[in-house]
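Right, one structure below, let's go through it.
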Amino acid sequence: MMDTLEGLRYGALEERLAASGVNPVHAKPLFNAVQRKLLRGGLSEVEGVLPPLQRWLDSEVAPGHCPIDLVDETPSSDGFTRKYLLRLHDGAEVESVRMGFPGRYTACLSSQVGCAMGCVFCATGQMGFSRNLSAGEIVAQALHVERELRKDTGEQLRNIVMMGMGEPLHNFEPTMDALEILTDTRGLNIGPARVAISTVGYIPGIQKLARHPKRYSLAVSLHGASDAERGKLIPINKRWPLSDLLEACREYSAIKRARVFFAWTLIRGVNDSDDHAHRLANLLHGMDAHVNLIPLNPTEDYDGQAPDELRVRAFQQIIQDAGLPSTVRQRRGIDVAAGCGQLKAKKRSRLQRY
């Protein structure tokens, strides 16, 4: 897909204007109109958009807006979580989620259509991989969530998490370009410290992220404390085993001087025992790590259940007693299938029945 206004970094927008003979000073009102005022049209009415810029916008060489349309929108009974199924220019569909509570709203964004990682309990992984998203398609999701949030609550997004459909580090450059746009002070102005990037252990991406100039939080999905256990849940563990993954995480932590967040999806009878907790604690011993425990979000294609609350708390206590900070992630939006890929999977399942 060609560049769109949503997907142009500020510097890239200046370059595009200059290449067309337009003074780059016009980048500021245009970037502001798209990224802060969230306009998808009517730019001629925006203060500061002067005739030379409008002529460029009307020309054939100017990029247009990213085509993105709402297909389905589902609010959760918690009153805060809302899931969006969005259609892109080629008919592909991705999901974005608004979650949080007043004063701390977060957008969970997709980076790919489907996913190549194949995690067995993940609805997106069960779909397979179709294609990467462009920077503009990633940014357009955030702008859609922000637009709806302002309309519904009058508030603005505080956090971005790249934890939707796809493996963001498998689509590295477009994801980094999108985050540069979203963290730009002239746009949504989401602080880099309020951005988290989730990976299932794609080591080349972790190594690149360690050397990237921005310091985003790194969240790594573990789910197993041995290669045998983890490999049953996360197939890429066969390519990048735990020892290599943890070494890459230590390198990231040393270079960025930052804590690594490790996600552990708790599945009843699979990885939720006291023994699993002790082995996880030993695995992360000596690392600057935080463990996020996530009771399983059920999917139609995976026969697994979340443990009860007492088992979750017992698991967490072992982690904390070992000196590792740990949080039990609230399962927001279960009633709207807020896990990655679940809304799209539900739609596909409905269509297959007819």
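Order determines the names: the first chain of the structure tokens is A, the second B, and so forth; residues in each chain are numbered 1 upward, and ligands are numbered 1 upward as they are shown.
All residues within stretch 85-195 of chain A that the backbone DSSP calculation assigns to strand (DSSP E or B) are Leu85, Leu86, Arg87, Glu93, Val94, Glu95, Ser96, Val97, Arg98, Met99, Gly100, Phe101, Arg104, Tyr105, Thr106, Ala107, Cys108, Gln112, Val113, Gly114, Phe129, Ser130, Arg131, Asn132, Asn159, Ile160, Val161, Met162 and Val195 of chain A.
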Sorted by chain and rising residue number, list the residues of stretch 75-180 of chain A at most 12 Å from stretch 212-236 of chain A (counting only C-alpha atoms), each with its closest atom pair and distance in Å to one decimal, as a tab-separated table.
```
residue	atom	partner	partner_atom	distance
A:Cys115	CA	A:Ile236	CA	11.9
A:Ala116	CA	A:Ile236	CA	9.3
A:Met117	CA	A:Ile236	CA	6.3
A:Gly118	CA	A:Pro235	CA	6.4
A:Cys119	CA	A:Ile234	CA	4.7
A:Val120	CA	A:Leu233	CA	5.4
A:Phe121	CA	A:Leu233	CA	7.1
A:Cys122	CA	A:Leu233	CA	9.4
A:Gly125	CA	A:Ile234	CA	9.7
A:Gln126	CA	A:Ile234	CA	11.7
A:Asn159	CA	A:Ser217	CA	11.3
A:Ile160	CA	A:Tyr216	CA	10.1
A:Val161	CA	A:Ser217	CA	9.2
A:Met162	CA	A:Ala219	CA	9.5
A:Met163	CA	A:Ala219	CA	9.1
A:Glu167	CA	A:Val220	CA	11.0
A:Pro168	CA	A:Leu218	CA	11.1
A:Leu169	CA	A:Leu218	CA	10.5
A:Phe172	CA	A:His212	CA	10.5
A:Glu173	CA	A:His212	CA	10.5
A:Thr175	CA	A:Tyr216	CA	11.8
A:Met176	CA	A:His212	CA	8.8
A:Asp177	CA	A:Lys214	CA	11.1
A:Leu179	CA	A:Tyr216	CA	9.3
A:Glu180	CA	A:Lys214	CA	8.4
```
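For A:Phe101, the list of residues within 12 Å, based on only C-alpha atoms and with local chain neighbours fewer than 6 positions off taken out, reads A:Asp78, A:Gly79, A:Phe80, A:Thr81, A:Arg82, A:Ala107, A:Leu149, A:Thr153, A:Glu155, A:Gln156, A:Leu157, A:Arg158, A:Asn159, A:Arg332.
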Please, could you write that set of residues out with C-alpha atoms as a compact mmCIF listing (two decimals), in the first residue's frame?
```
# COMPACT_ATOMS: atom_id res chain seq x y z
CA ASP A 78 -17.47 -3.23 32.34
CA GLY A 79 -18.39 0.13 30.79
CA PHE A 80 -14.86 0.93 29.64
CA THR A 81 -13.64 -1.74 27.22
CA ARG A 82 -14.74 -1.44 23.62
CA ALA A 107 -5.42 1.56 22.78
CA LEU A 149 -12.85 8.03 22.98
CA THR A 153 -15.89 10.45 27.16
CA GLU A 155 -10.86 12.07 27.26
CA GLN A 156 -7.69 11.25 25.35
CA LEU A 157 -5.56 8.13 25.07
CA ARG A 158 -2.81 7.78 27.64
CA ASN A 159 -1.15 4.52 26.58
CA ARG A 332 -11.20 -6.99 30.63
```
Measuring atom to atom with only C-alpha atoms, identify which of A:Pro204, A:Gly166, A:Pro174, A:Gly191 is nearest to A:Ser96.
A:Gly166
With only C-alpha atoms as the counted atoms, please give the residues lying no more than 10 Å from stretch 92-95 of chain A, apart from itself and same-chain residues fewer than 5 positions off, as a PyMOL selection string.
chain A and resi 68-73+83-87+108-114+124+130-131+133+137-138+141+164-166+338-344
Could you jot down the atom CA of A:Arg104 to atom CA of A:Pro75 separation for me, Å, one decimal place?
17.3 Å
